[in-house]
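Participant: The structure's right below; bear with me while I get my questions together.
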4 protein chains.
Amino acid sequence: MSLFRLIPDRPDVVQDQNRPDEKGTFREWLYITIFQATTTAGKIFDIGLFILILSNINLLMLESVESLAIQHARLFKTLDTVFLVLFSVEYLLRLYCVRSAKRYAASFYGIIDLLAILPSYMEFFYPQWHVFMIVRSFRLLRIFRIFRMVKFLDESRILMFALIRGFRKIVVFLFFVVLLAIFLGSMMYVVEFPHNPGFRSIPQSIYWAIVTITTVGYGDVAPITAVGKVIASFIMILGYSIIAVPTGIMSASVIQEEKRNRGKRCPHCDAAGHTPGAVYCSHCGEKLKPD
Amino acid sequence: MSLFRLIPDRPDVVQDQNRPDEKGTFREWLYITIFQATTTAGKIFDIGLFILILSNINLLMLESVESLAIQHARLFKTLDTVFLVLFSVEYLLRLYCVRSAKRYAASFYGIIDLLAILPSYMEFFYPQWHVFMIVRSFRLLRIFRIFRMVKFLDESRILMFALIRGFRKIVVFLFFVVLLAIFLGSMMYVVEFPHNPGFRSIPQSIYWAIVTITTVGYGDVAPITAVGKVIASFIMILGYSIIAVPTGIMSASVIQEEKRNRGKRCPHCDAAGHTPGAVYCSHCGEKLKPD
Amino acid sequence: MSLFRLIPDRPDVVQDQNRPDEKGTFREWLYITIFQATTTAGKIFDIGLFILILSNINLLMLESVESLAIQHARLFKTLDTVFLVLFSVEYLLRLYCVRSAKRYAASFYGIIDLLAILPSYMEFFYPQWHVFMIVRSFRLLRIFRIFRMVKFLDESRILMFALIRGFRKIVVFLFFVVLLAIFLGSMMYVVEFPHNPGFRSIPQSIYWAIVTITTVGYGDVAPITAVGKVIASFIMILGYSIIAVPTGIMSASVIQEEKRNRGKRCPHCDAAGHTPGAVYCSHCGEKLKPD
Amino acid sequence: MSLFRLIPDRPDVVQDQNRPDEKGTFREWLYITIFQATTTAGKIFDIGLFILILSNINLLMLESVESLAIQHARLFKTLDTVFLVLFSVEYLLRLYCVRSAKRYAASFYGIIDLLAILPSYMEFFYPQWHVFMIVRSFRLLRIFRIFRMVKFLDESRILMFALIRGFRKIVVFLFFVVLLAIFLGSMMYVVEFPHNPGFRSIPQSIYWAIVTITTVGYGDVAPITAVGKVIASFIMILGYSIIAVPTGIMSASVIQEEKRNRGKRCPHCDAAGHTPGAVYCSHCGEKLKPD
């Protein structure tokens, strides 16, 4: 259940524990603005941050298109610096306004916020590392911030629990699929090796087997011999059938998770399953919304 | 729930509100013929319209085949004009026979009917726009009209509600898939970029990641390096597993929707779930069909 | 419900109605041997027929491999004649031993048995039709005969009813998929047409859209332009999501069909759902097997 | 139900029947160390074996990469010998410490352990058989040994029973899919044969049909003619729909298997379904764990 720690299922409650003690100060106002979305300033901040993050990701993508990178080299450099400054200021403000800077820095979002700016600084001091500019794609992780703003929270919670519930069964299943791919790949290696350069080694044949079992089917490697085609047909039909297994697992998971989530939900501690007439939450004792 | 407005779930009832007040006039007869399928004339009109729409779509397709377009240029032009006249007359008749022309013009089907003829007129006045003749494919939307005629209504209603019920969860899921594609695409860019022209930029690599995760697998871009193939294998197996998630969501949706739809259905307001012995609809009070 | 007629769900009962009246004659013995598998002779006949049908199908396949067809032309011709004679004799025997030859000839299996020999005779009288020898593949249908022999009957019945139950919903769904393919194909035609010979007409683009939505992804046609790739990515993710719909429908169907099939089954009329302690069938009144 | 014999569902219990009678001897200590994971020595042995098996499989793969095989020929030969000696010693120890060597040699794991070393000995005595070195991939089967160590046992049991429960239905379904592929492949042969070298024979066309129905779609064979493309589109949409069938079957299987597995599980005979308050196992009478 270590997964539960990483992904705070009640982010607002958890983060409020890091709210500064002093009431009415600028620091507290900053905390509410940056970490919450209850005030107008907070909402503006959130939307602005959302736009910044998306722009930054788009910039990162465009920069990788060589023709654009050469043509607008200076523009990209300037924009990179602007984003670096903005995200750095944001990070420092976050460190400043929380009660315990250390606690924030070590939290899930704190680490992501740091990872978003660190690579650019490293590139600044060691320009020869420019080639590793790709690590800046860690910024993509900032997109998790956006989740706080969307109304999809209920849906993603059901999905997440369904995934956790079905996780171990799917791992066992994938383990079998990989074993199968190794076995079938080796078999095809024996059959196709003398005739087909695409099956020149077992790892390569296993790659082909995975491409086939998962029904991706690039076609960069394909059987040539008659025996190979018969085995390939068998593998395809097998892959076609066993895709049903994880699906069946997930269906069962989602159906059970939905059953568990039916009923009234507590606005405070978010526990579900209260019967229609319930007045108090059975978990935290707080009052539920009237029917 | 804005989706419910766009797609009228009880089209006959909704449209009857636009029936002209005068009884027994030609205008009312026209309304019944065009908008309903209860009389013989109405059924003939519906079937004729159905054939016209399908013919028009086929014409549109054949026109795009260059060899045919050149060979039968005049024939195509003539047929285009014929269909334009027919659909225009139909649109005017519809505008004439409803109680409020404005109301029909602003309705779901009203807009579709207009979109089906508008582009041809614009091409007529601005011949240089011929290249945009493709906007005429809006006519395809007219196919929605056909739904009124089929007996599949019950099935499509269950499907639609199941979709609406599972919609938000699937959107959350797709959001994760896109994020995953961006992340994995960037990773493959770093690995394959120096060796493979197919991964020449991050957007291109993301395109490849989507082709792979969704198990489409064109093969126009495929990993070359050993590390790339290992990562690709991992991505495929991942894609293979997560396809189970939307399926599980939909299974749960359909099962619940079917449960909700069991029981007698009201012939008037279409509410379901009445117990076998029920005599009156629990929603509109009208009499149900005897068991 | 016309489907129920074509596929006899209780083949033994139905065919027994065609059993000749005379008891103990050669004709009755022949009927039991050919149409049933209760006697030793009947079982030998069934297994022999099974081997003959499979051999014939294999022959048909090998004949289509040109190198073999030229090399062993005479052998193939001889074998063809042998199979034709055997199947003809079998057909005549079947016609002879049933009570009403007409009734058998018009039945599901009667038509299949005729289709298996007719093409060869037509080729015999019109040799120039040899090119249409493929119609002989109708013989494949004879494989349905084999179903009587397998013990999988219960499973195929549940599958069939689940298919029938989900059939209309899946048809509605496929209708939407085809509409979607037409619409998205037309869109891609506009975008890719000037740059990509693979999208040279709307029908060709629709073909591509179907290849993509169904996640087959041959790669013989693939988008080239940046806009095309973005749209293609969108189509893939869409196809990836909507594959969940028929799956959800089928899951719900199979689950319900299995629920309906639980409980004791009548050995006579094959009705299911009897409670454990039941003694007589609730449908035909015959005695059930003791628990 | 012969499947149950091959895969022991309670491996520890079954194997303990082969435990030597003498208590406290070296032979018994060896048995506990090798066959069980309850003592520290046993755990160390298991982890060591796990690492050995994985290393051996990796060695096998690397050996098949020609460039590596030539460069490090001597290293590979030495490592092969080392692994052969280690696995041989392990096999002999297993034979020695069990009560009945014959019983172990004939058991599921006994056969696998033998298959893992036999091919190397045969290659040793008949060097010209080196080309068949691939049979050494039987060693992969040793990976089954690892299952004893993982905690995923519960999950794999549910999966296995769900597979067994859905097995016959899926076989019936696959039989239909193969029939369909033969039929559609023959059809495409007639249509594409004169224009497309990819459809040069019926078996080749059936191969294409399977590639298409299973949505693998290599693209090494693709229709060229207009009619062929229309039929191919139909086949794709069909394959897209029928993939729902095995999935529906598996979903139903998993859901039912999970229902059956709810409740307390007996630590002794592993029977599930005991109600929360149960004190004794309803199958073997042993005491259950307190709630």
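Naming scheme: A, B, ... for chains in displayed order of the structure tokens; residues 1 onward per chain; ligands 1 onward as shown.
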Using only C-alpha atoms, which chain C residues lie at most 8 Å away from chain B, written as an NGL selection string?
Facilitator: :C and (168-169 or 172-173 or 179 or 183 or 186-187 or 190 or 200-203 or 212 or 214-220 or 222 or 229-230 or 233 or 236-237 or 240-241 or 243-245 or 247-249 or 251-252)
Participant: Which value, in Å to one decimal, gives the distance between CA of Leu79 in chain B and CA of Phe175 in chain C?
Facilitator: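 Distance between the two atoms: 26.4 Å.
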Participant: From the set B:Gly42, B:Ser205, B:Ile242, B:Ser107, which residue has the shortest atom-to-atom contact distance to Gly228 in chain B, counting only C-alpha atoms?
Facilitator: B:Ser205
Participant: In range 8-248 of chain C, what's helix (DSSP H, G or I) per DSSP? Answer as number ranges by chain?
Facilitator: C: 11-16, 26-35, 40-64, 66-71, 73-97, 101-105, 108-125, 127-148, 153-192, 197-199, 202-213, 226-242, 244-248
Participant: Have a look at B:Ile34, B:Val191, B:Val82, B:Ile111 and name the one nearest to Arg19 in chain B; count only C-alpha atoms.
Facilitator: B:Ile34
Participant: Considering only C-alpha atoms, return as a PyMOL selection string whatever protein or nucleic-acid residues lie within 12 Å of Leu86 in chain D, sequence-local ones (same chain, fewer than 5 positions apart) excluded.
Facilitator: chain D and resi 48-49+52-53+56+79-81+91-93+113+116-117
Participant: Limited to all heavy atoms, could you put the picked residues into a file as an mmCIF file, in the first residue's frame?
Facilitator:
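And here is the file that came out, result.cif:
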data_model
loop_
_atom_site.group_PDB
_atom_site.id
_atom_site.type_symbol
_atom_site.label_atom_id
_atom_site.label_comp_id
_atom_site.auth_asym_id
_atom_site.auth_seq_id
_atom_site.Cartn_x
_atom_site.Cartn_y
_atom_site.Cartn_z
ATOM 1 N N GLY D 48 19.500 -18.014 -4.898
ATOM 2 C CA GLY D 48 20.649 -18.373 -5.733
ATOM 3 C C GLY D 48 20.200 -19.041 -7.022
ATOM 4 O O GLY D 48 20.648 -18.680 -8.123
ATOM 5 N N LEU D 49 19.258 -19.984 -6.898
ATOM 6 C CA LEU D 49 18.749 -20.695 -8.070
ATOM 7 C C LEU D 49 18.070 -19.733 -9.037
ATOM 8 O O LEU D 49 18.249 -19.821 -10.259
ATOM 9 C CB LEU D 49 17.749 -21.768 -7.611
ATOM 10 C CG LEU D 49 17.238 -22.719 -8.698
ATOM 11 C CD1 LEU D 49 18.379 -23.502 -9.302
ATOM 12 C CD2 LEU D 49 16.211 -23.676 -8.122
ATOM 13 N N LEU D 52 20.675 -17.888 -10.913
ATOM 14 C CA LEU D 52 21.309 -18.796 -11.874
ATOM 15 C C LEU D 52 20.438 -18.986 -13.117
ATOM 16 O O LEU D 52 20.923 -18.918 -14.250
ATOM 17 C CB LEU D 52 21.543 -20.159 -11.222
ATOM 18 C CG LEU D 52 22.859 -20.357 -10.490
ATOM 19 C CD1 LEU D 52 22.971 -21.787 -9.994
ATOM 20 C CD2 LEU D 52 24.056 -20.028 -11.383
ATOM 21 N N ILE D 53 19.151 -19.236 -12.900
ATOM 22 C CA ILE D 53 18.245 -19.488 -14.032
ATOM 23 C C ILE D 53 18.173 -18.269 -14.945
ATOM 24 O O ILE D 53 18.316 -18.373 -16.162
ATOM 25 C CB ILE D 53 16.828 -19.870 -13.517
ATOM 26 C CG1 ILE D 53 16.876 -21.241 -12.844
ATOM 27 C CG2 ILE D 53 15.821 -19.893 -14.654
ATOM 28 C CD1 ILE D 53 15.587 -21.645 -12.143
ATOM 29 N N ASN D 56 21.354 -17.822 -16.876
ATOM 30 C CA ASN D 56 21.451 -18.825 -17.926
ATOM 31 C C ASN D 56 20.621 -18.448 -19.145
ATOM 32 O O ASN D 56 21.053 -18.585 -20.292
ATOM 33 C CB ASN D 56 21.000 -20.175 -17.365
ATOM 34 C CG ASN D 56 21.360 -21.310 -18.303
ATOM 35 O OD1 ASN D 56 20.541 -22.117 -18.644
ATOM 36 N ND2 ASN D 56 22.610 -21.337 -18.769
ATOM 37 N N LEU D 79 31.265 -20.680 -19.866
ATOM 38 C CA LEU D 79 30.064 -20.427 -19.060
ATOM 39 C C LEU D 79 29.035 -21.542 -19.252
ATOM 40 O O LEU D 79 28.396 -21.987 -18.298
ATOM 41 C CB LEU D 79 29.461 -19.072 -19.422
ATOM 42 C CG LEU D 79 30.213 -17.858 -18.871
ATOM 43 C CD1 LEU D 79 29.632 -16.567 -19.421
ATOM 44 C CD2 LEU D 79 30.143 -17.844 -17.342
ATOM 45 N N ASP D 80 28.891 -21.997 -20.493
ATOM 46 C CA ASP D 80 27.962 -23.098 -20.768
ATOM 47 C C ASP D 80 28.296 -24.302 -19.898
ATOM 48 O O ASP D 80 27.415 -24.907 -19.279
ATOM 49 C CB ASP D 80 28.064 -23.507 -22.243
ATOM 50 C CG ASP D 80 27.127 -22.702 -23.120
ATOM 51 O OD1 ASP D 80 26.355 -21.899 -22.556
ATOM 52 O OD2 ASP D 80 27.179 -22.857 -24.340
ATOM 53 N N THR D 81 29.590 -24.623 -19.854
ATOM 54 C CA THR D 81 30.021 -25.785 -19.064
ATOM 55 C C THR D 81 29.730 -25.568 -17.587
ATOM 56 O O THR D 81 29.241 -26.464 -16.887
ATOM 57 C CB THR D 81 31.526 -26.031 -19.283
ATOM 58 O OG1 THR D 81 31.819 -25.926 -20.680
ATOM 59 C CG2 THR D 81 31.930 -27.405 -18.780
ATOM 60 N N TYR D 91 20.369 -31.287 -10.004
ATOM 61 C CA TYR D 91 19.448 -32.368 -10.360
ATOM 62 C C TYR D 91 19.757 -33.633 -9.559
ATOM 63 O O TYR D 91 18.851 -34.276 -9.024
ATOM 64 C CB TYR D 91 19.536 -32.649 -11.861
ATOM 65 C CG TYR D 91 18.523 -33.647 -12.357
ATOM 66 C CD1 TYR D 91 17.172 -33.354 -12.325
ATOM 67 C CD2 TYR D 91 18.916 -34.883 -12.851
ATOM 68 C CE1 TYR D 91 16.232 -34.257 -12.773
ATOM 69 C CE2 TYR D 91 17.982 -35.801 -13.305
ATOM 70 C CZ TYR D 91 16.635 -35.487 -13.267
ATOM 71 O OH TYR D 91 15.707 -36.388 -13.703
ATOM 72 N N LEU D 92 21.062 -33.959 -9.441
ATOM 73 C CA LEU D 92 21.461 -35.158 -8.705
ATOM 74 C C LEU D 92 21.089 -35.034 -7.232
ATOM 75 O O LEU D 92 20.590 -35.975 -6.610
ATOM 76 C CB LEU D 92 22.971 -35.400 -8.868
ATOM 77 C CG LEU D 92 23.389 -35.799 -10.290
ATOM 78 C CD1 LEU D 92 24.913 -35.918 -10.389
ATOM 79 C CD2 LEU D 92 22.724 -37.124 -10.697
ATOM 80 N N LEU D 93 21.329 -33.824 -6.666
ATOM 81 C CA LEU D 93 20.969 -33.605 -5.263
ATOM 82 C C LEU D 93 19.474 -33.802 -5.042
ATOM 83 O O LEU D 93 19.043 -34.390 -4.051
ATOM 84 C CB LEU D 93 21.375 -32.191 -4.819
ATOM 85 C CG LEU D 93 22.869 -31.978 -4.562
ATOM 86 C CD1 LEU D 93 23.127 -30.532 -4.162
ATOM 87 C CD2 LEU D 93 23.367 -32.915 -3.464
ATOM 88 N N ASP D 113 13.390 -30.067 -14.898
ATOM 89 C CA ASP D 113 14.788 -30.007 -14.471
ATOM 90 C C ASP D 113 15.676 -30.849 -15.378
ATOM 91 O O ASP D 113 16.797 -30.462 -15.701
ATOM 92 C CB ASP D 113 14.909 -30.482 -13.014
ATOM 93 C CG ASP D 113 14.261 -29.507 -12.040
ATOM 94 O OD1 ASP D 113 13.994 -28.361 -12.465
ATOM 95 O OD2 ASP D 113 14.021 -29.864 -10.884
ATOM 96 N N ALA D 116 16.275 -29.296 -18.823
ATOM 97 C CA ALA D 116 17.176 -28.149 -18.775
ATOM 98 C C ALA D 116 18.629 -28.559 -18.979
ATOM 99 O O ALA D 116 19.453 -27.744 -19.401
ATOM 100 C CB ALA D 116 17.023 -27.416 -17.450
ATOM 101 N N ILE D 117 18.971 -29.826 -18.691
ATOM 102 C CA ILE D 117 20.378 -30.225 -18.815
ATOM 103 C C ILE D 117 20.620 -31.229 -19.940
ATOM 104 O O ILE D 117 21.697 -31.295 -20.512
ATOM 105 C CB ILE D 117 20.917 -30.809 -17.485
ATOM 106 C CG1 ILE D 117 19.976 -31.889 -16.947
ATOM 107 C CG2 ILE D 117 21.101 -29.705 -16.449
ATOM 108 C CD1 ILE D 117 20.562 -32.638 -15.758
#
Participant: Report the distance between CA of Ala105 in chain A and CA of Asn18 in chain A in Å, rounded to one decimal place.
Facilitator: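 Going from CA of Ala105 in chain A over to CA of Asn18 in chain A, I get 11.5 Å.
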Participant: Record the distance separating CA of Ala41 in chain D and CA of Arg94 in chain D, expressed in Å with one decimal.
Facilitator: 15.3 Å
Participant: Can you tell me which residues surround range 99-104 of chain A at a distance of at most 10 Å, considering only C-alpha atoms, apart from same-chain residues fewer than 3 positions away, and format the answer as an MDAnalysis selection string?
Facilitator: chainID A and resid 15:22 27:28 31 92 94:96 107:111
